[in-house]
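*Asks:* Below is entry_2.txt; it holds compact mmCIF, C-alpha atoms.
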# COMPACT_ATOMS: atom_id res chain seq x y z
CA MET P 1 7.94 -151.07 32.84
CA ALA P 2 4.61 -152.47 33.93
CA TRP P 3 5.85 -156.06 33.96
CA ASN P 4 8.55 -155.22 36.55
CA LYS P 5 6.08 -155.63 39.41
CA TYR P 6 5.78 -159.27 38.43
CA ASN P 7 9.58 -159.75 38.43
CA SER P 8 10.06 -162.11 41.40
CA ILE P 9 13.87 -161.72 41.62
CA GLN P 10 13.79 -157.94 41.76
CA ASN P 11 10.97 -157.90 44.30
CA LEU P 12 12.83 -160.40 46.53
CA GLN P 13 15.95 -158.18 46.59
CA LYS P 14 13.83 -155.14 47.45
CA ASN P 15 12.15 -156.98 50.34
CA GLN P 16 15.52 -158.09 51.72
CA VAL P 17 16.66 -154.46 51.90
CA GLN P 18 13.51 -153.49 53.79
CA VAL P 19 13.96 -156.38 56.24
CA LYS P 20 17.52 -155.27 57.04
CA GLU P 21 16.30 -151.74 57.79
CA CYS P 22 13.60 -153.05 60.18
CA THR P 23 15.84 -155.51 62.06
CA SER P 24 18.37 -153.07 63.48
CA SER P 25 20.09 -153.74 66.80
CA CYS P 26 18.18 -153.16 70.01
CA VAL P 27 18.29 -149.80 71.79
CA GLU P 28 21.33 -149.01 73.87
CA VAL P 29 21.28 -146.95 77.05
CA SER P 30 24.29 -145.57 78.89
CA SER P 31 23.95 -143.48 82.03
CA GLY P 32 25.59 -142.76 85.32
CA THR P 33 24.71 -141.42 88.73
CA SER P 34 26.73 -139.05 90.85
CA GLU P 35 27.80 -140.09 94.31
CA GLU P 36 25.95 -137.25 96.04
CA CYS P 37 22.92 -135.18 95.07
CA VAL P 38 22.69 -131.67 96.49
CA ASN P 39 19.38 -130.39 97.91
CA ARG P 40 18.13 -127.34 99.77
CA PRO P 41 15.11 -127.00 102.04
CA VAL P 42 12.05 -125.29 100.61
CA ASP P 43 9.48 -123.46 102.71
CA ILE P 44 6.37 -125.55 103.30
CA GLU P 45 3.25 -123.61 102.49
CA SER P 46 0.35 -124.07 104.87
CA LEU P 47 -2.86 -122.41 105.97
CA ARG P 48 -2.00 -120.05 108.85
CA THR P 49 -5.30 -118.24 109.32
CA GLY P 50 -6.94 -121.12 111.17
CA SER P 51 -9.58 -123.51 109.88
CA ILE P 52 -11.95 -126.33 110.74
CA ALA P 53 -10.70 -129.74 109.64
CA LYS P 54 -12.40 -133.11 109.60
CA ILE P 55 -9.85 -135.64 110.79
CA PRO P 56 -9.83 -139.04 112.55
CA ILE P 57 -9.87 -138.67 116.34
CA VAL P 58 -8.61 -141.44 118.63
CA LEU P 59 -11.42 -142.80 120.80
CA ALA P 60 -9.51 -145.66 122.38
CA GLU P 61 -6.39 -147.77 122.04
CA LEU P 62 -6.41 -151.25 123.47
CA THR P 63 -4.80 -154.69 123.30
CA VAL P 64 -7.21 -157.60 122.90
CA LYS P 65 -6.21 -161.12 123.98
CA VAL P 66 -7.74 -163.91 121.89
CA ASN P 67 -7.31 -167.61 122.69
CA VAL P 68 -7.39 -169.99 119.71
CA ASP P 69 -7.28 -173.80 119.74
CA SER P 70 -7.36 -175.70 116.44
CA ILE P 71 -6.40 -179.01 114.84
CA ILE P 72 -4.74 -179.04 111.42
CA THR P 73 -4.67 -182.11 109.18
CA LEU P 74 -1.96 -181.99 106.52
CA PRO P 75 -2.78 -183.28 103.02
CA GLU P 76 -0.07 -185.96 103.20
CA ILE P 77 2.29 -187.74 105.56
CA ALA P 78 4.92 -185.43 107.01
CA TRP P 79 8.05 -186.17 109.00
CA GLU P 80 9.12 -182.82 110.38
CA ILE P 81 7.85 -179.25 110.63
CA LYS P 82 10.52 -177.02 109.17
CA ARG P 83 8.97 -173.56 109.54
CA ILE P 84 5.65 -171.83 110.20
CA LYS P 85 5.03 -168.24 109.11
CA LYS P 86 2.03 -166.43 110.58
CA HIS P 87 0.14 -163.25 109.70
CA VAL P 88 -2.88 -161.82 111.54
CA LYS P 89 -5.75 -160.58 109.37
CA ILE P 90 -8.75 -158.63 110.74
CA THR P 91 -11.97 -158.88 108.73
CA GLN P 92 -14.39 -157.17 111.13
CA CYS P 93 -13.86 -154.58 113.86
CA LEU P 94 -17.21 -153.00 114.70
CA LEU P 95 -18.10 -150.83 117.67
CA LEU P 96 -21.76 -151.19 118.60
CA GLN P 97 -22.61 -147.78 119.96
CA ASP P 98 -24.72 -147.30 123.08
CA THR P 99 -23.34 -150.65 124.28
CA ASN P 100 -19.57 -149.97 124.04
CA ILE P 101 -19.01 -153.54 122.83
CA LEU P 102 -16.42 -154.19 120.13
CA PHE P 103 -16.99 -157.11 117.74
CA ILE P 104 -13.82 -158.58 116.24
CA LYS P 105 -13.44 -161.21 113.54
CA GLY P 106 -10.41 -162.36 111.62
CA PHE P 107 -8.03 -165.20 110.92
CA VAL P 108 -4.41 -166.17 111.21
CA ARG P 109 -2.83 -167.01 107.88
CA LYS P 110 -0.34 -169.80 108.47
CA ASN P 111 2.16 -171.14 105.98
CA ILE P 112 3.48 -174.52 107.18
CA GLU P 113 6.60 -175.97 105.61
CA TYR P 114 7.19 -179.66 106.29
CA ALA P 115 9.48 -182.46 105.18
CA THR P 116 8.26 -185.47 103.20
CA ARG P 117 9.87 -188.85 102.46
CA LYS P 118 11.07 -189.92 99.05
CA CYS P 119 13.61 -192.57 99.97
CA SER P 120 15.12 -193.82 103.22
CA ASN P 121 17.27 -196.45 104.89
CA GLU P 122 18.50 -197.15 108.39
CA GLU P 123 21.03 -194.33 108.16
CA GLY P 124 18.73 -191.57 106.99
CA PHE P 125 16.01 -190.51 104.62
CA CYS P 126 15.54 -187.94 101.85
CA GLY P 127 12.56 -186.09 100.48
CA ASP P 128 11.06 -182.79 99.44
CA ILE P 129 10.10 -179.71 101.44
CA LYS P 130 6.45 -178.88 100.83
CA HIS P 131 4.11 -176.26 102.22
CA CYS P 132 0.47 -175.88 103.15
CA THR P 133 -1.23 -172.50 103.67
CA ILE P 134 -4.30 -172.37 105.89
CA ASP P 135 -6.53 -169.74 107.52
CA VAL P 136 -7.33 -170.25 111.20
CA PRO P 137 -10.42 -168.15 112.03
CA PHE P 138 -11.21 -166.44 115.32
CA SER P 139 -13.88 -164.11 116.68
CA CYS P 140 -14.63 -162.43 119.99
CA THR P 141 -16.32 -159.47 121.65
CA THR P 142 -14.81 -157.16 124.22
CA PRO P 143 -16.04 -154.13 126.21
CA ILE P 144 -14.40 -150.80 125.38
CA SER P 145 -13.09 -148.20 127.80
CA PHE P 146 -12.63 -144.94 125.92
CA ASN P 147 -9.22 -143.77 127.08
CA GLY P 148 -9.15 -141.14 124.33
CA ILE P 149 -12.51 -139.40 123.97
CA GLU P 150 -16.11 -140.54 123.95
CA PRO P 151 -17.62 -141.07 120.49
CA LEU P 152 -20.27 -138.72 119.24
CA PRO P 153 -23.74 -139.92 120.21
CA PRO P 154 -25.70 -140.96 117.13
CA LYS P 155 -28.34 -138.61 115.81
CA PHE P 156 -31.64 -140.35 115.15
CA ASN P 157 -33.81 -140.05 112.09
CA ARG P 158 -37.27 -138.62 112.64
CA ALA P 159 -40.43 -137.94 110.72
CA THR P 160 -43.28 -135.57 111.68
CA GLU P 161 -46.70 -135.20 110.12
CA PHE P 162 -48.79 -132.07 109.79
CA GLU P 163 -52.15 -131.15 108.30
CA TYR P 164 -54.09 -128.10 107.16
CA PHE P 165 -57.35 -126.78 108.48
CA ARG P 166 -60.38 -127.42 106.28
CA GLU P 167 -63.87 -125.93 106.43
CA GLU P 168 -66.61 -127.88 104.66
CA ALA P 169 -70.37 -127.37 104.40
CA LEU P 170 -72.64 -130.07 105.83
CA ASN P 171 -75.22 -131.01 103.24
CA HIS P 172 -76.69 -133.91 105.19
CA ASP P 173 -79.88 -134.58 107.09
CA GLY P 174 -79.79 -133.45 110.68
CA PHE P 175 -77.58 -130.41 110.08
CA GLY P 176 -78.62 -126.84 109.60
CA SER P 177 -77.77 -124.72 106.62
CA LYS P 178 -75.22 -122.77 108.61
CA ASP P 179 -73.54 -125.82 110.15
CA LYS P 180 -70.05 -126.51 108.87
CA LEU P 181 -67.48 -129.22 109.44
CA LEU P 182 -64.27 -127.78 110.85
CA SER P 183 -61.37 -130.25 110.91
CA GLY P 184 -58.20 -131.31 109.23
CA ASP P 185 -58.31 -132.75 105.76
CA PHE P 186 -57.85 -136.52 105.89
CA ARG P 187 -57.59 -136.65 102.11
CA GLU P 188 -54.04 -135.34 102.22
CA PHE P 189 -50.84 -136.53 103.87
CA ASN P 190 -48.06 -134.07 104.75
CA GLN P 191 -44.80 -135.01 106.35
CA ILE P 192 -41.36 -133.62 107.17
CA SER P 193 -38.67 -136.32 107.46
CA GLU P 194 -35.09 -135.91 108.60
CA GLU P 195 -32.23 -138.40 108.38
CA HIS P 196 -28.70 -138.16 109.77
CA PHE P 197 -25.63 -139.84 108.34
CA ASN P 198 -23.49 -140.51 111.39
CA GLU P 199 -19.78 -141.18 111.25
CA LEU P 200 -19.17 -144.84 112.05
CA PRO P 201 -16.18 -145.49 114.34
CA PHE P 202 -13.53 -147.61 112.64
CA CYS P 203 -10.40 -149.52 113.64
CA GLU P 204 -6.74 -149.56 112.72
CA LEU P 205 -4.53 -152.57 113.34
CA ILE P 206 -1.42 -151.37 115.18
CA LYS P 207 0.39 -154.51 116.30
CA ALA P 208 -0.13 -158.25 116.66
CA ARG P 209 1.83 -160.71 118.78
CA ILE P 210 1.32 -164.48 118.72
CA VAL P 211 2.36 -166.90 121.43
CA GLU P 212 1.98 -170.39 120.03
CA PHE P 213 2.41 -174.02 121.05
CA ASP P 214 2.13 -176.68 118.32
CA GLU P 215 1.97 -180.37 119.16
CA ILE P 216 2.05 -183.27 116.73
CA LEU P 217 -0.75 -185.82 117.13
CA ASN P 218 -1.02 -189.50 116.15
CA TYR P 219 2.59 -190.39 115.46
CA THR P 220 2.89 -193.34 113.08
CA ASP P 221 5.61 -195.95 113.37
CA CYS P 222 6.91 -196.99 109.98
CA ASN P 223 8.34 -200.36 110.97
CA LYS P 224 7.76 -201.79 107.51
CA GLN P 225 10.06 -199.20 106.00
CA LYS P 226 13.76 -198.87 106.58
CA MET P 227 14.11 -195.67 108.55
CA PRO P 228 16.29 -194.28 111.34
CA PHE P 229 14.80 -195.48 114.61
CA GLU P 230 13.89 -191.99 115.90
CA GLU P 231 11.83 -190.87 112.88
CA ARG P 232 8.02 -190.77 113.14
CA ALA P 233 5.40 -189.80 110.58
CA PHE P 234 2.31 -187.70 111.25
CA ARG P 235 -0.50 -185.74 109.62
CA LYS P 236 -2.32 -183.93 112.46
CA ILE P 237 -1.11 -180.92 114.41
CA GLU P 238 -2.86 -179.37 117.40
CA GLU P 239 -2.05 -175.72 117.87
CA LYS P 240 -2.77 -173.44 120.77
CA MET P 241 -2.36 -169.73 120.15
CA VAL P 242 -2.79 -166.63 122.27
CA LEU P 243 -3.13 -163.51 120.13
CA PHE P 244 -2.37 -160.07 121.51
CA ILE P 245 -3.90 -157.62 119.02
CA THR P 246 -3.39 -153.89 119.53
CA LEU P 247 -6.15 -151.82 117.94
CA LYS P 248 -6.90 -148.15 117.65
CA ILE P 249 -10.54 -147.05 117.42
CA LEU P 250 -11.13 -143.77 115.60
CA GLN P 251 -13.98 -141.57 114.45
CA LYS P 252 -13.89 -138.67 112.03
CA ARG P 253 -14.64 -135.42 113.84
CA GLN P 254 -14.54 -131.72 113.04
CA VAL P 255 -11.64 -130.04 114.83
CA ALA P 256 -10.92 -126.31 115.04
CA ILE P 257 -7.30 -125.47 114.24
CA GLY P 258 -6.11 -122.09 115.48
CA ALA P 259 -4.18 -119.49 113.54
CA VAL P 260 -0.36 -119.66 113.39
CA GLU P 261 1.94 -116.67 113.25
CA ALA P 262 4.09 -116.33 110.16
CA ILE P 263 7.76 -117.23 110.54
CA PRO P 264 9.94 -114.15 109.86
CA ASP P 265 12.62 -114.32 107.20
CA CYS P 266 16.25 -114.79 108.26
CA PRO P 267 17.79 -111.30 108.47
CA CYS P 268 21.40 -112.39 108.91
CA CYS P 269 22.14 -114.47 105.79
CA PRO P 270 19.73 -113.58 103.00
CA CYS P 271 21.72 -115.64 100.57
CA ASP P 272 21.10 -118.88 102.52
CA CYS P 273 17.36 -118.34 103.11
Take the structure I supplied and represent it as structure tokens, if you would.

*Replies:*
Amino acid sequence: MAWNKYNSIQNLQKNQVQVKECTSSCVEVSSGTSEECVNRPVDIESLRTGSIAKIPIVLAELTVKVNVDSIITLPEIAWEIKRIKKHVKITQCLLLQDTNILFIKGFVRKNIEYATRKCSNEEGFCGDIKHCTIDVPFSCTTPISFNGIEPLPPKFNRATEFEYFREEALNHDGFGSKDKLLSGDFREFNQISEEHFNELPFCELIKARIVEFDEILNYTDCNKQKMPFEERAFRKIEEKMVLFITLKILQKRQVAIGAVEAIPDCPCCPCDC
């Protein structure tokens, strides 16, 4: 009947049934993996007729030594350096052609973990291990000896102008009726311009080695606090680093790849081929 839709008890029971259908248990997955998966080699298809490819060519490979000296001030009093993790990052590696000078910029990302004081007495002290991450920048220039191959010389842009011959009658005093002006037309401008998009040499970072000496500066005696006699507080660290960065300088070049003979099929065991 029409009044049933206003029956609150019947509608509540109907909604409870719908809720039970929608709140079923979560999905269940059961699977297993075998101990060994069998595979067989498949012939690798390649171009055997020869081609011209554009690939990076090694111009030089070198190891650059960079000396870095810096002073780090921690954000709070520390009592001991627990660990320092270092990563070398290169932000610029640019070869200035026609000078063979390589410009290098980057930084050393350092994560310093140090101990802090929370409580102490004459027998020892306790605290938290905190960390501070900093970037120590460096930059240098170095001459390049191309132990791979010389880079392509850059092609220069050029622009040339040309004009057309023009013959014009001279309707001015002092000129005869048969006199004519023979020249180029200065009322026009004609030009042929040419621009070249050279391949810029680029770098790859191969390896980095850091030899480091860190020294704590400005030790503070905490005589007013009960501490073991050998403990000293500090905030400043002076670090001396020598970076050995191995770089590879490349340039994309067109290389001719010769044809390759096809590999004959195996005649002895056709079932295994």

*Asks:* Within 9 Å of (-11.0, -141.6, 114.6) (coordinates as in the file), grab all the protein and nucleic acid residues, counting only C-alpha atoms, and write them out as a PyMOL selection string.

*Replies:* chain P and resi 55-60+151+201-203+248-253

*Asks:* So that I have them on file, write out the residues from the current selection with C-alpha atoms, as a short mmCIF file (atom, residue, chain, number, x, y, z; two decimals), in the frame of the given file.

*Replies:*
data_model
loop_
_atom_site.label_atom_id
_atom_site.label_comp_id
_atom_site.auth_asym_id
_atom_site.auth_seq_id
_atom_site.Cartn_x
_atom_site.Cartn_y
_atom_site.Cartn_z
CA ILE P 55 -9.85 -135.64 110.79
CA PRO P 56 -9.83 -139.04 112.55
CA ILE P 57 -9.87 -138.67 116.34
CA VAL P 58 -8.61 -141.44 118.63
CA LEU P 59 -11.42 -142.80 120.80
CA ALA P 60 -9.51 -145.66 122.38
CA PRO P 151 -17.62 -141.07 120.49
CA PRO P 201 -16.18 -145.49 114.34
CA PHE P 202 -13.53 -147.61 112.64
CA CYS P 203 -10.40 -149.52 113.64
CA LYS P 248 -6.90 -148.15 117.65
CA ILE P 249 -10.54 -147.05 117.42
CA LEU P 250 -11.13 -143.77 115.60
CA GLN P 251 -13.98 -141.57 114.45
CA LYS P 252 -13.89 -138.67 112.03
CA ARG P 253 -14.64 -135.42 113.84
#

*Asks:* Which residue, P:Ala233, P:Ile72, P:Ile206, P:Val136, has the smallest gap to Tyr219 (chain P) when you use all atoms listed in the file?

*Replies:* P:Ala233

*Asks:* Select, from P:Ile192, P:Val211, P:Leu181, P:Ile144, the residue with the minimum atom-to-atom distance to Gln97 (chain P), counting all atoms listed in the file.

*Replies:* P:Ile144

*Asks:* Using all atoms listed in the file, find the one residue out of P:Leu95, P:Ile237, P:Ile149, P:Leu247 that sits nearest to Ile216 (chain P).

*Replies:*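 Of P:Leu95, P:Ile237, P:Ile149, P:Leu247, the one nearest Ile216 (chain P), counting all atoms listed in the file, is P:Ile237.
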
*Asks:* Take CA of Glu76 (chain P) and CA of Lys89 (chain P) and report the distance between them in Å, one decimal.

*Replies:*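 It comes out at 26.7 Å.
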
*Asks:* I'd like the interatomic distance between CA of Ile52 (chain P) and CA of Ala256 (chain P), to a tenth of an Å.

*Replies:*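 If I compute the distance from CA of Ile52 (chain P) to CA of Ala256 (chain P), I get 4.4 Å.
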
*Asks:* When you count all atoms listed in the file, which of these residues is closest to Glu239 (chain P): P:Thr141, P:Asn67, P:Thr99, P:Asn121?

*Replies:*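 Looking at the shortest contact to Glu239 (chain P), the residue is P:Asn67.
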
*Asks:* Which residues, written as a list of chain:residue names, have at least one atom at most 10 Å from Phe197 (chain P), with all atoms listed in the file counted and residues fewer than 4 positions away on the same chain left out?

*Replies:*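 Skipping anything fewer than 4 positions along the chain leaves P:Pro154, P:Lys155, P:Phe156, P:Asn157.
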
*Asks:* Rank nothing, just name the residue among P:Asn39, P:Thr49, P:Ser139, P:Thr133 nearest to Thr91 (chain P), using all atoms listed in the file.

*Replies:* P:Ser139

*Asks:* Leaving out Cys132 (chain P) and any residue of its chain fewer than 5 positions from it, which residues lie within 10 Å of it when counting only C-alpha atoms, given as a PyMOL selection string?

*Replies:* chain P and resi 74-75+84+110-114

*Asks:* Output as an mmCIF file, keeping the file's coordinate frame: region 101-130 of chain P, completed with N, CA and C atoms.

*Replies:*
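Result file out.cif:
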data_model
loop_
_atom_site.group_PDB
_atom_site.id
_atom_site.type_symbol
_atom_site.label_atom_id
_atom_site.label_comp_id
_atom_site.auth_asym_id
_atom_site.auth_seq_id
_atom_site.Cartn_x
_atom_site.Cartn_y
_atom_site.Cartn_z
ATOM 1 N N ILE P 101 -19.519 -152.190 123.075
ATOM 2 C CA ILE P 101 -19.010 -153.540 122.830
ATOM 3 C C ILE P 101 -18.377 -153.568 121.442
ATOM 4 N N LEU P 102 -17.150 -154.093 121.382
ATOM 5 C CA LEU P 102 -16.420 -154.190 120.130
ATOM 6 C C LEU P 102 -16.474 -155.630 119.627
ATOM 7 N N PHE P 103 -16.937 -155.800 118.382
ATOM 8 C CA PHE P 103 -16.990 -157.110 117.740
ATOM 9 C C PHE P 103 -15.777 -157.252 116.831
ATOM 10 N N ILE P 104 -15.043 -158.355 117.010
ATOM 11 C CA ILE P 104 -13.820 -158.580 116.240
ATOM 12 C C ILE P 104 -13.899 -159.941 115.570
ATOM 13 N N LYS P 105 -13.569 -159.967 114.290
ATOM 14 C CA LYS P 105 -13.440 -161.210 113.540
ATOM 15 C C LYS P 105 -12.175 -161.149 112.702
ATOM 16 N N GLY P 106 -11.600 -162.311 112.462
ATOM 17 C CA GLY P 106 -10.410 -162.360 111.620
ATOM 18 C C GLY P 106 -9.886 -163.766 111.509
ATOM 19 N N PHE P 107 -8.667 -163.886 111.048
ATOM 20 C CA PHE P 107 -8.030 -165.200 110.920
ATOM 21 C C PHE P 107 -6.524 -165.027 110.943
ATOM 22 N N VAL P 108 -5.870 -166.111 111.243
ATOM 23 C CA VAL P 108 -4.410 -166.170 111.210
ATOM 24 C C VAL P 108 -4.010 -166.972 109.977
ATOM 25 N N ARG P 109 -3.324 -166.315 109.074
ATOM 26 C CA ARG P 109 -2.830 -167.010 107.880
ATOM 27 C C ARG P 109 -1.518 -167.696 108.231
ATOM 28 N N LYS P 110 -1.508 -169.020 108.098
ATOM 29 C CA LYS P 110 -0.340 -169.800 108.470
ATOM 30 C C LYS P 110 0.196 -170.534 107.242
ATOM 31 N N ASN P 111 1.474 -170.398 107.026
ATOM 32 C CA ASN P 111 2.160 -171.140 105.980
ATOM 33 C C ASN P 111 3.089 -172.143 106.647
ATOM 34 N N ILE P 112 2.754 -173.439 106.507
ATOM 35 C CA ILE P 112 3.480 -174.520 107.180
ATOM 36 C C ILE P 112 4.376 -175.212 106.158
ATOM 37 N N GLU P 113 5.650 -175.242 106.442
ATOM 38 C CA GLU P 113 6.600 -175.970 105.610
ATOM 39 C C GLU P 113 6.993 -177.253 106.348
ATOM 40 N N TYR P 114 6.920 -178.377 105.649
ATOM 41 C CA TYR P 114 7.190 -179.660 106.290
ATOM 42 C C TYR P 114 7.985 -180.558 105.335
ATOM 43 N N ALA P 115 8.636 -181.537 105.942
ATOM 44 C CA ALA P 115 9.480 -182.460 105.180
ATOM 45 C C ALA P 115 8.691 -183.724 104.853
ATOM 46 N N THR P 116 8.887 -184.225 103.643
ATOM 47 C CA THR P 116 8.260 -185.470 103.200
ATOM 48 C C THR P 116 9.343 -186.500 102.889
ATOM 49 N N ARG P 117 8.927 -187.757 102.716
ATOM 50 C CA ARG P 117 9.870 -188.850 102.460
ATOM 51 C C ARG P 117 9.801 -189.278 101.005
ATOM 52 N N LYS P 118 10.969 -189.380 100.403
ATOM 53 C CA LYS P 118 11.070 -189.920 99.050
ATOM 54 C C LYS P 118 11.817 -191.245 99.048
ATOM 55 N N CYS P 119 12.870 -191.322 99.813
ATOM 56 C CA CYS P 119 13.610 -192.570 99.970
ATOM 57 C C CYS P 119 14.262 -192.569 101.344
ATOM 58 N N SER P 120 14.534 -193.750 101.884
ATOM 59 C CA SER P 120 15.120 -193.820 103.220
ATOM 60 C C SER P 120 15.803 -195.161 103.407
ATOM 61 N N ASN P 121 16.665 -195.203 104.410
ATOM 62 C CA ASN P 121 17.270 -196.450 104.890
ATOM 63 C C ASN P 121 17.532 -196.280 106.378
ATOM 64 N N GLU P 122 18.276 -197.209 106.950
ATOM 65 C CA GLU P 122 18.500 -197.150 108.390
ATOM 66 C C GLU P 122 19.416 -196.012 108.805
ATOM 67 N N GLU P 123 20.106 -195.406 107.850
ATOM 68 C CA GLU P 123 21.030 -194.330 108.160
ATOM 69 C C GLU P 123 20.414 -192.941 107.960
ATOM 70 N N GLY P 124 19.347 -192.867 107.236
ATOM 71 C CA GLY P 124 18.730 -191.570 106.990
ATOM 72 C C GLY P 124 17.637 -191.656 105.956
ATOM 73 N N PHE P 125 17.029 -190.532 105.658
ATOM 74 C CA PHE P 125 16.010 -190.510 104.620
ATOM 75 C C PHE P 125 16.055 -189.167 103.912
ATOM 76 N N CYS P 126 15.541 -189.147 102.687
ATOM 77 C CA CYS P 126 15.540 -187.940 101.850
ATOM 78 C C CYS P 126 14.133 -187.688 101.343
ATOM 79 N N GLY P 127 13.874 -186.438 100.998
ATOM 80 C CA GLY P 127 12.560 -186.090 100.480
ATOM 81 C C GLY P 127 12.490 -184.626 100.103
ATOM 82 N N ASP P 128 11.289 -184.165 99.870
ATOM 83 C CA ASP P 128 11.060 -182.790 99.440
ATOM 84 C C ASP P 128 10.504 -181.967 100.601
ATOM 85 N N ILE P 129 10.708 -180.664 100.511
ATOM 86 C CA ILE P 129 10.100 -179.710 101.440
ATOM 87 C C ILE P 129 8.855 -179.149 100.767
ATOM 88 N N LYS P 130 7.706 -179.378 101.372
ATOM 89 C CA LYS P 130 6.450 -178.880 100.830
ATOM 90 C C LYS P 130 5.816 -177.900 101.805
#
